[in-house]
Amino acid sequence: MLAWHFTEMPYPNLPPLESLSTMRVSLSNQHYDPMIGADLYNRYLDEYMIADDLGLNLLCNEHHQTATCLDVAAPLTAAILARQTSKGRICILGNPVANRGDPIRIAEEMAMIDCISRGRLDVGFVRGVPYEIFAANTNPTQTVERLWEGIDLCVKAWQSVDGPFNFEGRFTHRRAVNLWPRPYQTPHPAVWITGSSDLDNIKKAAARGYVFATFLQPHAKVKWMFDGYRSAFRDTGLPGGGGTAYMPLVYTADTEEEAEKGARELTWYLAAKSEPQYRNPPGYVPVEFNVQALKGTFTGRTDAMRQKSLEFLKEEGVMVYGTPDSVAAQIKRLYTLVGGFDHLLMMQQAGSLDHARTVKSMTLFAREVYPQIKDLARTRPLELASAAE
Amino acid sequence: MPSTAQSSSVSIQNLLLEVERRGAGKPLLLLAGEEQLEREAPFLDALAKQFEVIIPSLPGFGVSERPDWIANADDISYILLDLLDKLDLTDVTVLGCSFGGWVAAEMAVKNTSRISRIVLVDAYGIKVRGPFDRDIMDIWTSHPAEVAAAKWADVEKGKRDFSQMNDDQLTVVARNIESFARFCWDPYMHNPKLRERLHRIDVPALLIWGEKDGIVDTAYGEAYANLIPGAKFATIAGAGHYPHLEAPESFLATLHPFIN
């Protein structure tokens, strides 16, 4: 199992949260102080470099117009890390290709980072959470179609070596596509995609051999998605795809008390507020889901978890915290409950968790937990017998 | 649905369109607003006494199909012109409300050979001022309570009890919301070309606006009317974005002289 360090690069220096109606999309940027921002960017990048020294892998993402995430261009972060680190793999999870609307530019940027890092890059693609629709102004009713058209074009551009090709698709039209540079890895870097409910999408990822990643979900739902992913070979003939990844919030400490205190600070991320109009833009989820929403029975992931206790979140596998042995045991339990997984993505920093405590938790994890879980077997497809046929 | 109403599917270019026909008389094509609140409304009963009211569900609304190629009001207007051909209707009064009003304008700039007059009620469709001016309230970044207050003079009238609807009805509501966003997200609620085409409208036009419409205000309505040759503009007191629903009596009193 590979372990990855992750932070969304939050901006926690806000007025009391009770006084804000939202932390996303429309929170006035008068609350952003560039001097503080400069310190935060450099601090978070330092933490990635420490993670690299500790033998962890490095995961970054991007969001827009939100105090929860100052990383607005994951390729920039990845490019810095490609040059300033030397060991860990670097994964962008991911490129919001539906919202960004320029798959070829993304293909170029990824190829360049892959070359600078000498093949340490994994390339994720994301549809983007609902809030992202507003900053990008993407039509919310066709993000899935845009996502897949973008991924397929990007992958084709990476693999194409026999001269320019043209593309006239539904959302993108390009002439004479001919990537300089080509990616360092052949045929191309590993591709990751994310999801939280759409089983068809998950199976599509498996069929293409892409890694499937999901975040902050109760373990029963994670199992349901991973089972769907692993069973896709029955429909497609591809055994097991590229692997599975799960992200909990993780805090490792010398004592349980200290761990609980750290974990409590990480819940800042779960408590991030937004106004109702930003949570479910029209057509972002399928009609069936919106029928449930009209009935009041579908409220979305974050809302459901916002009110829960730390203990509950730990039980569900959404949060992993404790002493090193306890953290290792929780990860092994989670591994068993969901049918195994390949990548542990750890949000080890959120909210106002400071540098010293973030580094302490990362260090304890790398030195005392990681050795205990590193050799957990890669997940295998369901029904191995039929996969072998 | 009243006993005189008939609902059927009409096939236009392999697209199945839900079409209701109600009453008897000269044809009146009613293009409902994006929420499709018109079918049970009292103003419609009054119209059906005088006209045969033809009420298509626009592609993506009601149970009408929505093929991928249909992306905006411009595309939809061709389907409705095809519908007039298919039903062989002539001397048609087209009455469009809100999004339906925009579609009515898109039809009238293309072909009025089967159309005798158009009525646009608090319609969207054009951009009036500059790039930093918000001509049409952004209903998708505003709090739902603010949207309701902008839409209705009396917010109580706009409340819908979803708990009393079955899954089929809720599916229509959810689909209408989705299709409206599909067609109107970007450019937001307008076709940049329409403004330059409105001069082509060569049939009498009446624009009726709720005085308290906070989504598209009366200044927007007047600007719209000024772009259509000879168009008349009238406002309805005590009504917001849906004057035909909120103040049906004054709405009908304003409409009557124009359609007779």
# chains A, B, ... in the order shown; residues from 1 in each chain; ligands from 1
$ interface_residues --of "chain A" --to "chain B" --cutoff "10 Å" --atoms "only C-alpha atoms" --output "PyMOL selection string"
chain A and resi 25-26+134+137-142+170+275-278+281-296
$ write_last_selection --atoms "N, CA, C and O atoms" --output "short mmCIF file (atom, residue, chain, number, x, y, z; two decimals), in the first residue's frame"
data_model
loop_
_atom_site.label_atom_id
_atom_site.label_comp_id
_atom_site.auth_asym_id
_atom_site.auth_seq_id
_atom_site.Cartn_x
_atom_site.Cartn_y
_atom_site.Cartn_z
N VAL A 25 -17.27 29.97 -2.57
CA VAL A 25 -17.81 30.69 -3.71
C VAL A 25 -17.93 32.19 -3.46
O VAL A 25 -17.32 32.99 -4.17
N SER A 26 -18.71 32.59 -2.45
CA SER A 26 -19.02 34.01 -2.33
C SER A 26 -18.50 34.65 -1.05
O SER A 26 -18.85 35.79 -0.76
N PHE A 134 -19.67 27.08 -10.12
CA PHE A 134 -19.93 28.51 -10.17
C PHE A 134 -18.70 29.31 -10.56
O PHE A 134 -18.77 30.26 -11.34
N ASN A 137 -18.16 28.39 -14.18
CA ASN A 137 -19.35 28.62 -15.01
C ASN A 137 -19.56 27.54 -16.06
O ASN A 137 -19.95 27.81 -17.19
N THR A 138 -19.30 26.30 -15.68
CA THR A 138 -19.57 25.17 -16.57
C THR A 138 -21.04 24.81 -16.47
O THR A 138 -21.61 24.84 -15.38
N ASN A 139 -21.63 24.42 -17.58
CA ASN A 139 -23.02 23.96 -17.52
C ASN A 139 -23.09 22.74 -16.59
O ASN A 139 -22.45 21.72 -16.85
N PRO A 140 -23.87 22.85 -15.50
CA PRO A 140 -23.85 21.77 -14.51
C PRO A 140 -24.52 20.49 -15.00
O PRO A 140 -24.37 19.44 -14.35
N THR A 141 -25.22 20.54 -16.12
CA THR A 141 -26.00 19.38 -16.54
C THR A 141 -25.21 18.41 -17.42
O THR A 141 -25.74 17.39 -17.84
N GLN A 142 -23.97 18.72 -17.73
CA GLN A 142 -23.25 17.82 -18.64
C GLN A 142 -21.79 17.65 -18.24
O GLN A 142 -20.93 17.42 -19.09
N ARG A 170 -17.82 16.78 -28.93
CA ARG A 170 -19.02 17.50 -28.53
C ARG A 170 -18.66 18.83 -27.86
O ARG A 170 -19.35 19.82 -28.03
N GLU A 275 -23.68 28.22 1.29
CA GLU A 275 -25.10 28.56 1.18
C GLU A 275 -25.80 27.50 0.32
O GLU A 275 -25.16 26.88 -0.53
N PRO A 276 -27.11 27.32 0.53
CA PRO A 276 -27.80 26.19 -0.11
C PRO A 276 -27.74 26.20 -1.64
O PRO A 276 -27.66 25.13 -2.26
N GLN A 277 -27.74 27.39 -2.25
CA GLN A 277 -27.76 27.43 -3.71
C GLN A 277 -26.48 26.87 -4.34
O GLN A 277 -26.46 26.55 -5.52
N TYR A 278 -25.41 26.78 -3.55
CA TYR A 278 -24.15 26.29 -4.11
C TYR A 278 -23.97 24.78 -3.94
O TYR A 278 -23.04 24.21 -4.48
N PRO A 281 -26.11 22.41 -7.63
CA PRO A 281 -26.52 23.16 -8.81
C PRO A 281 -27.43 22.31 -9.70
O PRO A 281 -27.34 21.09 -9.70
N PRO A 282 -28.33 22.97 -10.45
CA PRO A 282 -29.34 22.23 -11.21
C PRO A 282 -28.72 21.26 -12.20
O PRO A 282 -27.88 21.64 -13.01
N GLY A 283 -29.13 19.98 -12.09
CA GLY A 283 -28.65 18.99 -13.05
C GLY A 283 -27.28 18.44 -12.74
O GLY A 283 -26.75 17.64 -13.50
N TYR A 284 -26.69 18.83 -11.62
CA TYR A 284 -25.36 18.30 -11.27
C TYR A 284 -25.45 16.82 -10.93
O TYR A 284 -24.58 16.04 -11.27
N VAL A 285 -26.52 16.43 -10.23
CA VAL A 285 -26.77 15.01 -9.99
C VAL A 285 -27.96 14.58 -10.85
O VAL A 285 -28.74 15.42 -11.30
N PRO A 286 -28.08 13.27 -11.10
CA PRO A 286 -29.17 12.80 -11.97
C PRO A 286 -30.56 13.11 -11.40
O PRO A 286 -30.71 13.33 -10.20
N VAL A 287 -31.55 13.11 -12.31
CA VAL A 287 -32.93 13.41 -11.94
C VAL A 287 -33.41 12.58 -10.75
O VAL A 287 -34.04 13.10 -9.84
N GLU A 288 -33.05 11.27 -10.73
CA GLU A 288 -33.50 10.40 -9.62
C GLU A 288 -33.04 10.95 -8.27
O GLU A 288 -33.77 10.90 -7.28
N PHE A 289 -31.80 11.45 -8.21
CA PHE A 289 -31.28 12.02 -6.96
C PHE A 289 -32.05 13.28 -6.58
O PHE A 289 -32.32 13.53 -5.41
N ASN A 290 -32.37 14.07 -7.61
CA ASN A 290 -33.07 15.33 -7.31
C ASN A 290 -34.52 15.09 -6.89
O ASN A 290 -35.09 15.90 -6.16
N VAL A 291 -35.09 13.97 -7.36
CA VAL A 291 -36.42 13.59 -6.85
C VAL A 291 -36.31 13.34 -5.35
O VAL A 291 -37.14 13.81 -4.56
N GLN A 292 -35.25 12.64 -4.95
CA GLN A 292 -35.03 12.40 -3.51
C GLN A 292 -34.78 13.72 -2.78
O GLN A 292 -35.25 13.91 -1.65
N ALA A 293 -34.06 14.61 -3.44
CA ALA A 293 -33.77 15.92 -2.80
C ALA A 293 -35.06 16.69 -2.57
O ALA A 293 -35.25 17.32 -1.53
N LEU A 294 -35.99 16.62 -3.55
CA LEU A 294 -37.27 17.33 -3.39
C LEU A 294 -38.08 16.74 -2.24
O LEU A 294 -38.82 17.44 -1.56
N LYS A 295 -37.89 15.43 -2.03
CA LYS A 295 -38.56 14.79 -0.90
C LYS A 295 -37.84 15.06 0.42
O LYS A 295 -38.33 14.68 1.48
N GLY A 296 -36.62 15.60 0.31
CA GLY A 296 -35.85 15.90 1.52
C GLY A 296 -35.05 14.73 2.02
O GLY A 296 -34.54 14.75 3.14
#
$ closest_residue --among "B:Ala153, B:Leu29, B:Leu16, B:Ala104" --to "Ala239 in chain B" --atoms "only C-alpha atoms"
B:Ala153
$ select_by_dssp --residues "range 154-356 of chain A" --states "strand (DSSP E or B)" --output "JSON, numbers by chain"
{"A": [165, 166, 167, 168, 173, 174, 175, 176, 177, 191, 192, 193, 194, 211, 212, 213, 214, 215, 244, 245, 246, 247, 249, 250, 251, 252, 319, 320, 321, 322, 343, 344, 345, 346, 347, 348, 349]}
$ write_last_selection --atoms "C-alpha atoms" --output "JSON list (two decimals), in the first residue's frame"
[["chain", "number", "residue", "atom", "x", "y", "z"],
["A", 165, "PHE", "CA", -4.49, 14.50, -35.40],
["A", 166, "ASN", "CA", -7.66, 16.51, -35.34],
["A", 167, "PHE", "CA", -10.55, 16.27, -32.93],
["A", 168, "GLU", "CA", -14.09, 17.54, -33.39],
["A", 173, "HIS", "CA", -12.57, 21.11, -31.26],
["A", 174, "ARG", "CA", -8.84, 21.09, -31.97],
["A", 175, "ARG", "CA", -6.80, 20.93, -35.14],
["A", 176, "ALA", "CA", -3.30, 19.49, -35.62],
["A", 177, "VAL", "CA", -2.86, 18.14, -32.08],
["A", 191, "VAL", "CA", -4.63, 7.93, -14.62],
["A", 192, "TRP", "CA", -6.84, 8.35, -11.58],
["A", 193, "ILE", "CA", -10.46, 9.36, -11.31],
["A", 194, "THR", "CA", -12.69, 10.13, -8.34],
["A", 211, "VAL", "CA", -7.16, 4.12, -10.35],
["A", 212, "PHE", "CA", -10.43, 4.91, -8.59],
["A", 213, "ALA", "CA", -10.31, 7.19, -5.55],
["A", 214, "THR", "CA", -12.99, 8.24, -3.10],
["A", 215, "PHE", "CA", -12.91, 10.55, -0.08],
["A", 244, "THR", "CA", -8.31, 1.78, -5.51],
["A", 245, "ALA", "CA", -7.62, 4.73, -3.22],
["A", 246, "TYR", "CA", -9.34, 6.00, -0.12],
["A", 247, "MET", "CA", -8.96, 9.26, 1.78],
["A", 249, "LEU", "CA", -8.61, 12.54, 7.72],
["A", 250, "VAL", "CA", -5.55, 11.20, 9.59],
["A", 251, "TYR", "CA", -3.87, 12.37, 12.79],
["A", 252, "THR", "CA", -1.16, 10.38, 14.56],
["A", 319, "MET", "CA", -11.35, 9.82, 10.46],
["A", 320, "VAL", "CA", -8.32, 7.82, 11.53],
["A", 321, "TYR", "CA", -6.57, 9.08, 14.66],
["A", 322, "GLY", "CA", -4.68, 7.80, 17.67],
["A", 343, "HIS", "CA", -3.56, 3.87, -1.84],
["A", 344, "LEU", "CA", -4.09, 5.53, 1.52],
["A", 345, "LEU", "CA", -4.64, 9.22, 0.85],
["A", 346, "MET", "CA", -4.23, 11.12, 4.08],
["A", 347, "MET", "CA", -5.55, 14.57, 4.73],
["A", 348, "GLN", "CA", -3.08, 15.20, 7.53],
["A", 349, "GLN", "CA", -3.58, 18.94, 7.64]]
$ residues_around --residues "Arg134 in chain B" --least-positions-apart "6" --cutoff "12 Å" --atoms "only C-alpha atoms" --output "PyMOL selection string"
chain B and resi 126-128+188-190+214-217+220
$ write_last_selection --atoms "N, CA and C atoms" --output "mmCIF file, in the first residue's frame"
data_model
loop_
_atom_site.group_PDB
_atom_site.id
_atom_site.type_symbol
_atom_site.label_atom_id
_atom_site.label_comp_id
_atom_site.auth_asym_id
_atom_site.auth_seq_id
_atom_site.Cartn_x
_atom_site.Cartn_y
_atom_site.Cartn_z
ATOM 1 N N ILE B 126 -32.794 38.402 -24.040
ATOM 2 C CA ILE B 126 -31.823 39.369 -24.566
ATOM 3 C C ILE B 126 -30.934 39.903 -23.452
ATOM 4 N N LYS B 127 -29.794 40.425 -23.870
ATOM 5 C CA LYS B 127 -28.896 41.145 -22.957
ATOM 6 C C LYS B 127 -29.044 42.611 -23.318
ATOM 7 N N VAL B 128 -29.367 43.443 -22.330
ATOM 8 C CA VAL B 128 -29.675 44.844 -22.619
ATOM 9 C C VAL B 128 -28.470 45.751 -22.412
ATOM 10 N N TYR B 188 -26.117 33.314 -19.981
ATOM 11 C CA TYR B 188 -27.157 33.246 -18.970
ATOM 12 C C TYR B 188 -28.466 33.854 -19.474
ATOM 13 N N MET B 189 -29.446 33.022 -19.688
ATOM 14 C CA MET B 189 -30.824 33.406 -19.992
ATOM 15 C C MET B 189 -30.966 34.318 -21.213
ATOM 16 N N HIS B 190 -29.965 34.279 -22.087
ATOM 17 C CA HIS B 190 -30.160 35.079 -23.298
ATOM 18 C C HIS B 190 -29.374 34.491 -24.458
ATOM 19 N N GLY B 214 -38.846 40.802 -10.064
ATOM 20 C CA GLY B 214 -37.467 41.068 -9.644
ATOM 21 C C GLY B 214 -36.453 40.222 -10.394
ATOM 22 N N ILE B 215 -36.917 39.347 -11.280
ATOM 23 C CA ILE B 215 -35.997 38.520 -12.071
ATOM 24 C C ILE B 215 -35.598 39.297 -13.334
ATOM 25 N N VAL B 216 -36.617 39.703 -14.089
ATOM 26 C CA VAL B 216 -36.392 40.635 -15.203
ATOM 27 C C VAL B 216 -37.350 41.802 -14.963
ATOM 28 N N ASP B 217 -36.818 42.979 -14.650
ATOM 29 C CA ASP B 217 -37.693 44.079 -14.214
ATOM 30 C C ASP B 217 -38.370 44.761 -15.400
ATOM 31 N N TYR B 220 -36.269 46.193 -18.197
ATOM 32 C CA TYR B 220 -35.830 45.153 -19.135
ATOM 33 C C TYR B 220 -36.939 44.887 -20.144
#
